[in-house]
file target-v9.txt (compact mmCIF, C-alpha atoms)
# COMPACT_ATOMS: atom_id res chain seq x y z
CA MET A 5 0.00 0.00 0.00
CA PHE A 6 1.37 3.42 -0.97
CA PHE A 7 0.69 6.55 1.06
CA ASP A 8 2.00 10.11 1.20
CA GLN A 9 3.50 12.20 3.98
CA ARG A 10 0.02 13.11 5.24
CA GLY A 11 -0.86 9.44 5.60
CA ARG A 12 -3.27 9.43 2.64
CA PHE A 13 -3.69 6.14 0.78
CA LEU A 14 -2.60 6.44 -2.87
CA THR A 15 -2.63 3.00 -4.49
CA TRP A 16 -1.55 -0.59 -4.03
CA MET A 17 0.37 -3.31 -5.87
CA ASP A 18 1.07 -7.04 -5.58
CA ASN A 19 4.54 -8.34 -4.84
CA ASP A 20 6.66 -9.66 -7.69
CA ASP A 21 8.41 -13.04 -7.64
CA THR A 22 11.59 -11.86 -5.90
CA ALA A 23 12.54 -9.09 -3.48
CA ILE A 24 14.68 -7.40 -6.15
CA GLU A 25 11.83 -7.43 -8.67
CA THR A 26 9.41 -6.17 -6.03
CA GLN A 27 11.74 -3.27 -5.19
CA ALA A 28 11.99 -2.32 -8.86
CA LYS A 29 8.20 -2.44 -9.16
CA LEU A 30 7.80 -0.27 -6.05
CA ASN A 31 10.01 2.40 -7.57
CA LYS A 32 8.18 2.21 -10.90
CA VAL A 33 4.85 2.83 -9.15
CA ARG A 34 6.40 5.71 -7.18
CA LEU A 35 7.53 7.36 -10.42
CA GLN A 36 4.07 6.87 -11.96
CA LEU A 37 2.39 8.46 -8.93
CA HIS A 38 4.69 11.47 -9.30
CA GLN A 39 4.07 11.70 -13.05
CA ASN A 40 0.31 11.56 -12.40
CA ASN A 41 0.62 14.46 -9.91
CA LYS A 42 -0.43 12.32 -6.94
CA VAL A 43 2.71 13.48 -5.07
CA ASN A 44 5.02 16.44 -5.62
CA ARG A 45 8.20 14.34 -5.55
CA TRP A 46 9.41 10.74 -5.50
CA ILE A 47 12.44 9.01 -3.98
CA GLU A 48 13.85 5.73 -5.19
CA GLY A 49 13.81 3.13 -2.42
CA SER A 50 16.45 0.48 -1.80
CA ALA A 51 17.60 -1.92 0.91
CA SER A 52 19.16 1.03 2.74
CA THR A 53 16.87 3.90 1.68
CA VAL A 54 13.23 4.54 2.54
CA GLY A 55 11.52 5.44 -0.73
CA TYR A 56 8.74 7.96 -1.27
CA PRO A 57 5.78 7.73 -1.53
CA PHE A 58 5.97 5.42 1.46
CA ALA A 59 5.03 1.77 1.02
CA LEU A 60 3.68 -0.56 3.69
CA SER A 61 3.59 -4.32 3.15
CA CYS A 62 0.42 -6.13 4.18
CA ASP A 63 2.51 -9.25 4.87
CA GLN A 64 4.26 -9.34 8.25
CA PRO A 65 7.85 -10.25 7.23
CA TRP A 66 8.91 -12.04 10.43
CA VAL A 67 5.77 -14.06 11.20
CA ASP A 68 3.82 -16.56 9.10
CA ILE A 69 0.44 -15.12 10.05
CA ARG A 70 -1.66 -17.99 8.70
CA ALA A 71 0.47 -20.61 10.46
CA ALA A 72 0.41 -18.57 13.68
CA ILE A 73 -3.40 -18.24 13.57
CA ASP A 74 -3.68 -22.01 13.06
CA ARG A 75 -1.35 -22.43 16.04
CA VAL A 76 -3.49 -20.11 18.18
CA LYS A 77 -6.78 -21.68 17.08
CA GLY A 78 -5.55 -25.23 17.70
CA THR A 79 -5.98 -26.31 14.09
CA ALA A 80 -2.28 -26.79 13.39
CA PRO A 81 -0.90 -30.29 14.16
CA GLU A 82 0.00 -30.72 17.84
CA SER A 83 -0.82 -27.09 18.59
CA LYS A 84 -3.25 -27.71 21.43
CA VAL A 85 -1.95 -27.26 24.95
CA TRP A 86 -2.70 -28.03 28.57
CA GLY A 87 -1.25 -26.96 31.89
CA THR A 88 -1.73 -25.32 35.27
CA TRP A 89 -0.64 -22.03 36.76
CA ASP A 90 -1.44 -20.36 40.07
CA GLY A 91 -4.45 -22.55 40.70
CA VAL A 92 -5.80 -22.32 37.14
CA LYS A 93 -6.18 -25.53 35.17
CA ALA A 94 -6.31 -25.36 31.38
CA GLY A 95 -7.32 -28.59 29.66
CA THR A 96 -5.78 -31.99 30.36
CA GLU A 97 -3.17 -34.16 28.72
CA SER A 98 -5.95 -36.27 27.18
CA ASN A 99 -8.15 -33.28 26.34
CA PRO A 100 -5.94 -30.27 25.52
CA ILE A 101 -7.35 -26.89 24.49
CA SER A 102 -6.39 -24.27 21.94
CA LEU A 103 -3.81 -21.65 22.81
CA GLU A 104 -6.50 -19.00 22.29
CA ALA A 105 -8.72 -20.68 24.90
CA LEU A 106 -5.79 -21.01 27.30
CA VAL A 107 -4.90 -17.33 26.91
CA SER A 108 -8.53 -16.29 27.39
CA LEU A 109 -8.88 -18.44 30.49
CA MET A 110 -5.72 -17.10 32.13
CA TYR A 111 -6.34 -13.55 31.02
CA GLN A 112 -9.83 -13.41 32.45
CA HIS A 113 -8.91 -15.24 35.65
CA ARG A 114 -6.04 -12.91 36.52
CA SER A 115 -7.92 -9.80 35.46
CA SER A 116 -10.91 -10.68 37.66
CA GLN A 117 -8.65 -11.04 40.70
CA LEU A 118 -6.99 -7.65 40.37
CA ALA A 119 -8.14 -4.56 42.22
CA GLU A 120 -8.25 -2.77 38.85
CA PRO A 121 -9.31 -5.41 36.31
CA ILE A 122 -8.03 -4.87 32.81
CA ASP A 123 -11.52 -4.77 31.35
CA THR A 124 -10.63 -2.30 28.60
CA LEU A 125 -8.17 -4.33 26.58
CA SER A 126 -9.68 -6.22 23.67
CA LEU A 127 -8.75 -9.89 23.94
CA GLY A 128 -8.51 -9.97 20.14
CA LEU A 129 -5.77 -7.34 20.24
CA PHE A 130 -4.03 -9.25 23.04
CA VAL A 131 -3.97 -12.48 21.01
CA GLY A 132 -2.95 -10.52 17.92
CA GLN A 133 -0.09 -9.09 19.92
CA LEU A 134 1.33 -12.46 20.90
CA ILE A 135 1.19 -13.51 17.23
CA ILE A 136 3.20 -10.45 16.19
CA GLU A 137 5.56 -10.75 19.15
CA SER A 138 6.46 -14.41 18.65
CA GLY A 139 4.30 -16.12 16.04
CA ALA A 140 2.53 -17.68 19.06
CA LYS A 141 5.59 -19.83 19.77
CA LYS A 142 6.65 -20.74 23.28
CA ASN A 143 10.45 -20.97 23.33
CA VAL A 144 11.39 -17.74 21.58
CA ARG A 145 14.26 -15.45 22.56
CA SER A 146 14.87 -12.14 20.79
CA SER A 147 18.20 -10.45 20.15
CA GLN A 148 17.25 -8.12 23.04
CA ASN A 149 16.81 -11.15 25.36
CA ALA A 150 13.02 -10.88 25.43
CA LEU A 151 11.53 -14.28 26.19
CA GLY A 152 8.51 -16.37 25.36
CA MET A 153 5.39 -15.82 23.33
CA LEU A 154 4.83 -12.32 24.76
CA GLN A 155 8.52 -11.36 24.57
CA LEU A 156 8.98 -10.29 28.18
CA LYS A 157 12.36 -9.30 29.58
CA PRO A 158 13.77 -11.47 32.43
CA GLU A 159 13.71 -8.50 34.81
CA VAL A 160 10.00 -7.95 34.08
CA LEU A 161 9.21 -11.62 34.69
CA HIS A 162 11.21 -11.44 37.91
CA ASP A 163 9.22 -8.40 39.01
CA CYS A 164 6.05 -10.44 38.39
CA GLY A 165 7.33 -12.95 40.97
CA ILE A 166 7.88 -15.71 38.42
CA GLU A 167 10.67 -18.22 38.99
CA LYS A 168 13.31 -18.43 36.28
CA ARG A 169 12.33 -22.00 35.31
CA PHE A 170 8.83 -20.74 34.43
CA TYR A 171 9.90 -17.69 32.40
CA GLN A 172 8.61 -19.18 29.13
CA HIS A 173 5.57 -20.92 30.64
CA ARG A 174 2.70 -19.66 28.49
CA MET A 175 0.20 -19.16 31.29
CA ALA A 176 2.85 -17.38 33.38
CA GLN A 177 3.60 -15.09 30.44
CA VAL A 178 -0.07 -14.12 30.10
CA ASP A 179 -0.26 -13.62 33.87
CA CYS A 180 2.69 -11.22 33.83
CA ALA A 181 1.51 -9.38 30.71
CA VAL A 182 -1.92 -8.72 32.25
CA ARG A 183 -0.22 -7.27 35.35
CA LEU A 184 1.82 -5.01 33.09
CA TYR A 185 -1.31 -3.82 31.32
CA VAL A 186 -2.92 -2.96 34.64
CA MET A 187 0.05 -0.75 35.51
CA ILE A 188 0.08 0.85 32.06
CA LYS A 189 -3.68 1.46 32.19
CA ARG A 190 -3.41 3.12 35.60
CA ASN A 191 -0.86 5.62 34.28
CA LEU A 192 -2.23 6.10 30.77
CA GLN A 193 -5.95 6.53 31.42
CA PRO A 194 -5.96 9.97 33.09
CA VAL A 195 -3.61 11.39 30.45
CA PHE A 196 -5.66 9.84 27.66
CA LEU A 197 -8.93 11.21 29.03
CA SER A 198 -7.47 14.70 29.30
CA VAL A 199 -7.07 14.67 25.50
CA PHE A 200 -9.76 12.30 24.22
CA GLY A 201 -12.30 12.27 27.06
CA HIS A 202 -14.90 13.96 24.85
CA LEU A 203 -15.04 11.13 22.28
CA ASP A 204 -18.12 8.94 22.24
CA LYS A 205 -17.65 5.90 24.46
CA ARG A 206 -17.28 3.35 21.68
CA LYS A 207 -14.59 5.29 19.79
CA GLN A 208 -12.91 6.26 23.04
CA GLN A 209 -12.76 2.60 24.10
CA ALA A 210 -11.38 1.43 20.74
CA LEU A 211 -8.71 4.14 20.70
CA PHE A 212 -7.66 3.50 24.29
CA ASP A 213 -7.30 -0.24 23.59
CA ILE A 214 -4.96 0.45 20.66
CA LEU A 215 -2.87 2.99 22.56
CA LEU A 216 -2.63 0.58 25.49
CA VAL A 217 -1.13 -2.07 23.21
CA GLN A 218 1.20 0.53 21.68
CA SER A 219 2.33 1.57 25.17
CA TYR A 220 3.31 -2.06 25.84
CA HIS A 221 5.68 -1.78 22.88
CA SER A 222 6.98 1.79 23.18
CA GLY A 223 6.63 2.54 26.89
CA ILE A 224 4.21 4.62 28.94
CA GLY A 225 6.59 7.58 29.01
CA ALA A 226 6.77 7.75 25.22
CA MET A 227 2.98 7.44 24.92
CA THR A 228 2.46 10.20 27.49
CA LYS A 229 4.65 12.49 25.39
CA LEU A 230 2.70 11.52 22.28
CA LEU A 231 -0.44 12.75 24.01
CA THR A 232 0.81 15.83 25.87
CA ASP A 233 4.21 17.05 24.63
CA THR A 234 4.32 20.51 23.02
CA GLU A 235 5.62 19.13 19.71
CA MET A 236 4.78 15.42 19.79
CA GLY A 237 1.28 16.14 21.05
CA LYS A 238 0.30 18.34 18.09
CA ALA A 239 -1.08 15.38 16.15
CA ALA A 240 -3.10 14.14 19.13
CA ARG A 241 -4.57 17.61 19.70
CA TYR A 242 -5.47 17.93 16.02
CA PHE A 243 -7.19 14.55 15.96
CA ALA A 244 -8.98 15.34 19.23
CA GLU A 245 -10.35 18.57 17.75
CA HIS A 246 -11.37 16.93 14.45
CA GLN A 247 -12.20 13.49 15.81
CA GLN A 248 -15.48 13.26 13.90
CA GLU A 249 -13.49 12.98 10.66
CA PHE A 250 -11.41 10.00 11.80
CA SER A 251 -11.87 6.47 13.11
CA ALA A 252 -10.09 5.26 16.26
CA GLU A 253 -7.66 3.35 14.03
CA ASP A 254 -6.97 6.50 11.97
CA ILE A 255 -6.19 8.48 15.11
CA ALA A 256 -3.93 5.84 16.66
CA THR A 257 -1.83 5.35 13.53
CA GLY A 258 -1.90 9.05 12.64
CA MET A 259 -0.43 10.07 15.99
CA ILE A 260 2.55 7.77 15.36
CA PHE A 261 2.88 8.59 11.67
CA HIS A 262 3.13 12.33 12.28
CA ASN A 263 5.90 11.76 14.82
CA LEU A 264 8.08 9.40 12.81
CA GLY A 265 11.72 10.28 13.42
CA ARG A 266 11.14 11.54 16.97
CA GLN A 267 12.41 9.01 19.50
CA PRO A 268 11.25 6.32 19.93
CA TRP A 269 8.73 6.63 17.10
CA GLY A 270 10.17 4.83 14.11
CA TRP A 271 8.64 2.74 11.36
CA GLU A 272 8.76 -0.31 13.63
CA SER A 273 6.33 1.44 16.00
CA LEU A 274 3.87 2.06 13.18
CA TYR A 275 4.27 -1.45 11.79
CA TYR A 276 3.72 -2.93 15.25
CA VAL A 277 0.32 -1.37 15.86
CA VAL A 278 -0.86 -1.80 12.25
CA ASP A 279 0.19 -5.46 12.19
CA ILE A 280 -1.66 -6.18 15.44
CA MET A 281 -4.83 -4.52 14.16
CA ILE A 282 -4.63 -6.52 10.90
CA VAL A 283 -4.09 -9.79 12.78
CA SER A 284 -6.92 -9.00 15.19
CA LYS A 285 -9.27 -8.51 12.21
CA SER A 286 -8.01 -11.80 10.72
CA LEU A 287 -8.73 -13.61 13.97
CA SER A 288 -12.29 -12.25 14.00
CA ALA A 289 -12.82 -13.29 10.40
CA HIS A 290 -11.46 -16.75 11.18
CA LYS A 291 -14.22 -17.22 13.79
CA ARG A 292 -16.90 -16.66 11.18
call {"tool": "encode", "arguments": {"input": "target-v9.txt", "output": "structure tokens"}}
result
Amino acid sequence: MFFDQRGRFLTWMDNDDTAIETQAKLNKVRLQLHQNNKVNRWIEGSASTVGYPFALSCDQPWVDIRAAIDRVKGTAPESKVWGTWDGVKAGTESNPISLEALVSLMYQHRSSQLAEPIDTLSLGLFVGQLIIESGAKKNVRSSQNALGMLQLKPEVLHDCGIEKRFYQHRMAQVDCAVRLYVMIKRNLQPVFLSVFGHLDKRKQQALFDILLVQSYHSGIGAMTKLLTDTEMGKAARYFAEHQQEFSAEDIATGMIFHNLGRQPWGWESLYYVVDIMIVSKSLSAHKR
């Protein structure tokens, strides 16, 4: 998908057979968009240069989305699971359950026990997040030493009171992630409401859910600046004033897009939230 510096969709294209051919095709489309006066300039993209108009792939490059969804839904071979954690029993060895059911069970159990239940986070976004984080795989370790299907740092897991031998236990990972979301929610909600408290409840809820997930990735401090900083907060204030013209998804991605290049808001931040929203929609469609 091609879009300009204002975030406006321009056109789309299919990939070619190879990465080199796809890159050449991208640049050909960019030139055509310029020649057709869709943009006032174009920049040739390469492996080391971001081209313009910008192009966003609909295929997540590091995760096989279809295989991950099958893994989550329990339709992939040997993908069903069972286990116990903190008094919660999920399935049995003879009757295992899907990873999605396990996550839902643990998520709702822990949330219901907390003084401030995390009742605002869409479970679909949460499951979409673990797909983007790890492909819904258990024993994953990133180059930054993030562990497990929710890519949690050892120090975070330690703060959750989890023993080292259980760091990649799937139910323990969900347990710790829900606790993190409670903390993020507590800090983000008042700041969010100061900017977007006038939105209708449905849009407000949808936007808060997305920004909560983004805060998990980028940090509550960075998200607070995105909402309130003199410069970074300009996009948020614009969208708040003209919210009737935009969906919750438009606002969430627009706030990041208009701050690209300001730390820590890079392309990976935009890809992260867009990928999770796409996967969440795919999960919903899969149910039907």
call {"tool": "closest_residue", "arguments": {"input": "target-v9.txt", "among": "A:Ala240, A:Val278, A:Val54, A:Leu60", "to": "A:Phe7", "atoms": "only C-alpha atoms"}}
result
A:Leu60
call {"tool": "residues_around", "arguments": {"input": "target-v9.txt", "residues": "stretch 208-217 of chain A", "least_positions_apart": "6", "cutoff": "9 Å", "atoms": "all atoms listed in the file", "output": "list in words"}}
result
Thr124, Leu125, Ser126, Leu129, Phe130, Gln133, Tyr185, Ile188, Lys189, Leu192, Gln193, Phe196, Leu197, Phe200, Gly201, His202, Ile224, Met227, Ser251, Ala252, Glu253, Ile255, Ala256, Val277, Ile280 and Met281 of chain A
call {"tool": "write_last_selection", "arguments": {"input": "target-v9.txt", "atoms": "C-alpha atoms", "output": "compact mmCIF listing (two decimals), keeping the file's coordinate frame"}}
result
# COMPACT_ATOMS: atom_id res chain seq x y z
CA THR A 124 -10.63 -2.30 28.60
CA LEU A 125 -8.17 -4.33 26.58
CA SER A 126 -9.68 -6.22 23.67
CA LEU A 129 -5.77 -7.34 20.24
CA PHE A 130 -4.03 -9.25 23.04
CA GLN A 133 -0.09 -9.09 19.92
CA TYR A 185 -1.31 -3.82 31.32
CA ILE A 188 0.08 0.85 32.06
CA LYS A 189 -3.68 1.46 32.19
CA LEU A 192 -2.23 6.10 30.77
CA GLN A 193 -5.95 6.53 31.42
CA PHE A 196 -5.66 9.84 27.66
CA LEU A 197 -8.93 11.21 29.03
CA PHE A 200 -9.76 12.30 24.22
CA GLY A 201 -12.30 12.27 27.06
CA HIS A 202 -14.90 13.96 24.85
CA ILE A 224 4.21 4.62 28.94
CA MET A 227 2.98 7.44 24.92
CA SER A 251 -11.87 6.47 13.11
CA ALA A 252 -10.09 5.26 16.26
CA GLU A 253 -7.66 3.35 14.03
CA ILE A 255 -6.19 8.48 15.11
CA ALA A 256 -3.93 5.84 16.66
CA VAL A 277 0.32 -1.37 15.86
CA ILE A 280 -1.66 -6.18 15.44
CA MET A 281 -4.83 -4.52 14.16
call {"tool": "residues_around", "arguments": {"input": "target-v9.txt", "residues": "A:Asn143", "least_positions_apart": "6", "cutoff": "12 Å", "atoms": "all atoms listed in the file", "output": "list in words"}}
result
Asn149, Ala150, Leu151, Gly152, Met153, Leu154, Gln155, Leu156, Phe170, Tyr171, Gln172, His173, Arg174 and Gln177 of chain A
call {"tool": "write_last_selection", "arguments": {"input": "target-v9.txt", "atoms": "C-alpha atoms", "output": "mmCIF file, in the frame of the given file"}}
result
data_model
loop_
_atom_site.group_PDB
_atom_site.id
_atom_site.type_symbol
_atom_site.label_atom_id
_atom_site.label_comp_id
_atom_site.auth_asym_id
_atom_site.auth_seq_id
_atom_site.Cartn_x
_atom_site.Cartn_y
_atom_site.Cartn_z
ATOM 1 C CA ASN A 149 16.810 -11.150 25.360
ATOM 2 C CA ALA A 150 13.020 -10.880 25.430
ATOM 3 C CA LEU A 151 11.530 -14.280 26.190
ATOM 4 C CA GLY A 152 8.510 -16.370 25.360
ATOM 5 C CA MET A 153 5.390 -15.820 23.330
ATOM 6 C CA LEU A 154 4.830 -12.320 24.760
ATOM 7 C CA GLN A 155 8.520 -11.360 24.570
ATOM 8 C CA LEU A 156 8.980 -10.290 28.180
ATOM 9 C CA PHE A 170 8.830 -20.740 34.430
ATOM 10 C CA TYR A 171 9.900 -17.690 32.400
ATOM 11 C CA GLN A 172 8.610 -19.180 29.130
ATOM 12 C CA HIS A 173 5.570 -20.920 30.640
ATOM 13 C CA ARG A 174 2.700 -19.660 28.490
ATOM 14 C CA GLN A 177 3.600 -15.090 30.440
#
call {"tool": "atom_distance", "arguments": {"input": "target-v9.txt", "atom1": "atom CA of A:Gly132", "atom2": "atom CA of A:Ile101"}}
result
18.2 Å
call {"tool": "closest_residue", "arguments": {"input": "target-v9.txt", "among": "A:Arg45, A:Gly225, A:Phe13, A:Met175", "to": "A:Trp86", "atoms": "only C-alpha atoms"}}
result
A:Met175
call {"tool": "residues_around", "arguments": {"input": "target-v9.txt", "residues": "A:Gly139", "least_positions_apart": "2", "cutoff": "10 Å", "atoms": "all atoms listed in the file", "output": "number ranges by chain"}}
result
A: 66-73, 75-76, 132-137, 141-142, 144, 153-154
call {"tool": "residues_around", "arguments": {"input": "target-v9.txt", "residues": "A:Asn99", "least_positions_apart": "4", "cutoff": "9 Å", "atoms": "only C-alpha atoms", "output": "list in words"}}
result
Lys84, Val85, Trp86 and Gly95 of chain A
call {"tool": "build_atoms", "arguments": {"input": "target-v9.txt", "residues": "stretch 168-179 of chain A", "atoms": "all heavy atoms", "output": "PDB file, in the coordinates of the input"}}
result
ATOM      1  N   LYS A 168      12.599 -18.389  37.552  1.00  0.00           N
ATOM      2  CA  LYS A 168      13.310 -18.430  36.280  1.00  0.00           C
ATOM      3  C   LYS A 168      12.903 -19.638  35.434  1.00  0.00           C
ATOM      4  O   LYS A 168      12.770 -19.535  34.209  1.00  0.00           O
ATOM      5  CB  LYS A 168      14.811 -18.452  36.520  1.00  0.00           C
ATOM      6  CG  LYS A 168      15.645 -18.290  35.256  1.00  0.00           C
ATOM      7  CD  LYS A 168      17.120 -18.157  35.593  1.00  0.00           C
ATOM      8  CE  LYS A 168      17.945 -17.948  34.325  1.00  0.00           C
ATOM      9  NZ  LYS A 168      19.396 -17.800  34.666  1.00  0.00           N
ATOM     10  N   ARG A 169      12.662 -20.793  36.068  1.00  0.00           N
ATOM     11  CA  ARG A 169      12.330 -22.000  35.310  1.00  0.00           C
ATOM     12  C   ARG A 169      10.962 -21.900  34.631  1.00  0.00           C
ATOM     13  O   ARG A 169      10.644 -22.702  33.754  1.00  0.00           O
ATOM     14  CB  ARG A 169      12.387 -23.234  36.227  1.00  0.00           C
ATOM     15  CG  ARG A 169      11.402 -23.207  37.384  1.00  0.00           C
ATOM     16  CD  ARG A 169      11.798 -24.249  38.439  1.00  0.00           C
ATOM     17  NE  ARG A 169      10.955 -24.176  39.606  1.00  0.00           N
ATOM     18  CZ  ARG A 169       9.987 -25.053  39.881  1.00  0.00           C
ATOM     19  NH1 ARG A 169       9.756 -26.055  39.058  1.00  0.00           N
ATOM     20  NH2 ARG A 169       9.269 -24.926  40.983  1.00  0.00           N
ATOM     21  N   PHE A 170      10.154 -20.915  35.036  1.00  0.00           N
ATOM     22  CA  PHE A 170       8.830 -20.740  34.430  1.00  0.00           C
ATOM     23  C   PHE A 170       8.768 -19.512  33.514  1.00  0.00           C
ATOM     24  O   PHE A 170       7.676 -19.121  33.090  1.00  0.00           O
ATOM     25  CB  PHE A 170       7.772 -20.585  35.524  1.00  0.00           C
ATOM     26  CG  PHE A 170       7.567 -21.813  36.361  1.00  0.00           C
ATOM     27  CD1 PHE A 170       7.694 -21.756  37.742  1.00  0.00           C
ATOM     28  CD2 PHE A 170       7.254 -23.023  35.765  1.00  0.00           C
ATOM     29  CE1 PHE A 170       7.508 -22.887  38.518  1.00  0.00           C
ATOM     30  CE2 PHE A 170       7.056 -24.168  36.528  1.00  0.00           C
ATOM     31  CZ  PHE A 170       7.185 -24.098  37.913  1.00  0.00           C
ATOM     32  N   TYR A 171       9.911 -18.918  33.189  1.00  0.00           N
ATOM     33  CA  TYR A 171       9.900 -17.690  32.400  1.00  0.00           C
ATOM     34  C   TYR A 171       9.177 -17.842  31.060  1.00  0.00           C
ATOM     35  O   TYR A 171       8.580 -16.880  30.567  1.00  0.00           O
ATOM     36  CB  TYR A 171      11.325 -17.198  32.151  1.00  0.00           C
ATOM     37  CG  TYR A 171      11.925 -16.381  33.292  1.00  0.00           C
ATOM     38  CD1 TYR A 171      11.217 -16.167  34.473  1.00  0.00           C
ATOM     39  CD2 TYR A 171      13.199 -15.819  33.181  1.00  0.00           C
ATOM     40  CE1 TYR A 171      11.761 -15.432  35.514  1.00  0.00           C
ATOM     41  CE2 TYR A 171      13.741 -15.066  34.218  1.00  0.00           C
ATOM     42  CZ  TYR A 171      13.026 -14.886  35.380  1.00  0.00           C
ATOM     43  OH  TYR A 171      13.567 -14.151  36.409  1.00  0.00           O
ATOM     44  N   GLN A 172       9.251 -19.011  30.437  1.00  0.00           N
ATOM     45  CA  GLN A 172       8.610 -19.180  29.130  1.00  0.00           C
ATOM     46  C   GLN A 172       7.327 -20.005  29.217  1.00  0.00           C
ATOM     47  O   GLN A 172       6.763 -20.381  28.187  1.00  0.00           O
ATOM     48  CB  GLN A 172       9.599 -19.799  28.140  1.00  0.00           C
ATOM     49  CG  GLN A 172      10.848 -18.931  27.983  1.00  0.00           C
ATOM     50  CD  GLN A 172      11.560 -19.128  26.677  1.00  0.00           C
ATOM     51  OE1 GLN A 172      10.967 -19.005  25.610  1.00  0.00           O
ATOM     52  NE2 GLN A 172      12.849 -19.428  26.729  1.00  0.00           N
ATOM     53  N   HIS A 173       6.860 -20.254  30.428  1.00  0.00           N
ATOM     54  CA  HIS A 173       5.570 -20.920  30.640  1.00  0.00           C
ATOM     55  C   HIS A 173       4.481 -20.004  30.081  1.00  0.00           C
ATOM     56  O   HIS A 173       4.379 -18.828  30.448  1.00  0.00           O
ATOM     57  CB  HIS A 173       5.375 -21.138  32.130  1.00  0.00           C
ATOM     58  CG  HIS A 173       4.225 -22.026  32.494  1.00  0.00           C
ATOM     59  ND1 HIS A 173       2.915 -21.689  32.240  1.00  0.00           N
ATOM     60  CD2 HIS A 173       4.194 -23.237  33.116  1.00  0.00           C
ATOM     61  CE1 HIS A 173       2.124 -22.650  32.686  1.00  0.00           C
ATOM     62  NE2 HIS A 173       2.872 -23.602  33.221  1.00  0.00           N
ATOM     63  N   ARG A 174       3.642 -20.519  29.204  1.00  0.00           N
ATOM     64  CA  ARG A 174       2.700 -19.660  28.490  1.00  0.00           C
ATOM     65  C   ARG A 174       1.678 -19.000  29.408  1.00  0.00           C
ATOM     66  O   ARG A 174       1.342 -17.822  29.245  1.00  0.00           O
ATOM     67  CB  ARG A 174       2.022 -20.460  27.373  1.00  0.00           C
ATOM     68  CG  ARG A 174       2.940 -20.649  26.170  1.00  0.00           C
ATOM     69  CD  ARG A 174       2.410 -21.649  25.187  1.00  0.00           C
ATOM     70  NE  ARG A 174       2.534 -23.007  25.685  1.00  0.00           N
ATOM     71  CZ  ARG A 174       2.603 -24.086  24.892  1.00  0.00           C
ATOM     72  NH1 ARG A 174       2.569 -23.949  23.588  1.00  0.00           N
ATOM     73  NH2 ARG A 174       2.705 -25.289  25.410  1.00  0.00           N
ATOM     74  N   MET A 175       1.174 -19.746  30.373  1.00  0.00           N
ATOM     75  CA  MET A 175       0.200 -19.160  31.290  1.00  0.00           C
ATOM     76  C   MET A 175       0.861 -18.114  32.186  1.00  0.00           C
ATOM     77  O   MET A 175       0.264 -17.089  32.516  1.00  0.00           O
ATOM     78  CB  MET A 175      -0.465 -20.256  32.128  1.00  0.00           C
ATOM     79  CG  MET A 175      -1.295 -21.213  31.284  1.00  0.00           C
ATOM     80  SD  MET A 175      -1.942 -22.635  32.219  1.00  0.00           S
ATOM     81  CE  MET A 175      -3.315 -21.859  33.088  1.00  0.00           C
ATOM     82  N   ALA A 176       2.117 -18.348  32.571  1.00  0.00           N
ATOM     83  CA  ALA A 176       2.850 -17.380  33.380  1.00  0.00           C
ATOM     84  C   ALA A 176       3.102 -16.101  32.581  1.00  0.00           C
ATOM     85  O   ALA A 176       3.044 -14.991  33.127  1.00  0.00           O
ATOM     86  CB  ALA A 176       4.180 -17.977  33.839  1.00  0.00           C
ATOM     87  N   GLN A 177       3.375 -16.255  31.291  1.00  0.00           N
ATOM     88  CA  GLN A 177       3.600 -15.090  30.440  1.00  0.00           C
ATOM     89  C   GLN A 177       2.329 -14.230  30.344  1.00  0.00           C
ATOM     90  O   GLN A 177       2.398 -13.006  30.454  1.00  0.00           O
ATOM     91  CB  GLN A 177       4.016 -15.550  29.040  1.00  0.00           C
ATOM     92  CG  GLN A 177       5.437 -16.086  28.951  1.00  0.00           C
ATOM     93  CD  GLN A 177       6.356 -15.157  28.201  1.00  0.00           C
ATOM     94  OE1 GLN A 177       5.954 -14.491  27.250  1.00  0.00           O
ATOM     95  NE2 GLN A 177       7.602 -15.088  28.638  1.00  0.00           N
ATOM     96  N   VAL A 178       1.186 -14.868  30.151  1.00  0.00           N
ATOM     97  CA  VAL A 178      -0.070 -14.120  30.100  1.00  0.00           C
ATOM     98  C   VAL A 178      -0.323 -13.436  31.437  1.00  0.00           C
ATOM     99  O   VAL A 178      -0.734 -12.269  31.495  1.00  0.00           O
ATOM    100  CB  VAL A 178      -1.251 -15.041  29.728  1.00  0.00           C
ATOM    101  CG1 VAL A 178      -2.567 -14.271  29.773  1.00  0.00           C
ATOM    102  CG2 VAL A 178      -1.047 -15.640  28.339  1.00  0.00           C
ATOM    103  N   ASP A 179      -0.092 -14.152  32.520  1.00  0.00           N
ATOM    104  CA  ASP A 179      -0.260 -13.620  33.870  1.00  0.00           C
ATOM    105  C   ASP A 179       0.548 -12.329  34.031  1.00  0.00           C
ATOM    106  O   ASP A 179       0.025 -11.287  34.451  1.00  0.00           O
ATOM    107  CB  ASP A 179       0.208 -14.671  34.883  1.00  0.00           C
ATOM    108  CG  ASP A 179      -0.056 -14.260  36.324  1.00  0.00           C
ATOM    109  OD1 ASP A 179      -0.635 -13.183  36.558  1.00  0.00           O
ATOM    110  OD2 ASP A 179       0.310 -15.036  37.219  1.00  0.00           O
TER     111      ASP A 179
END
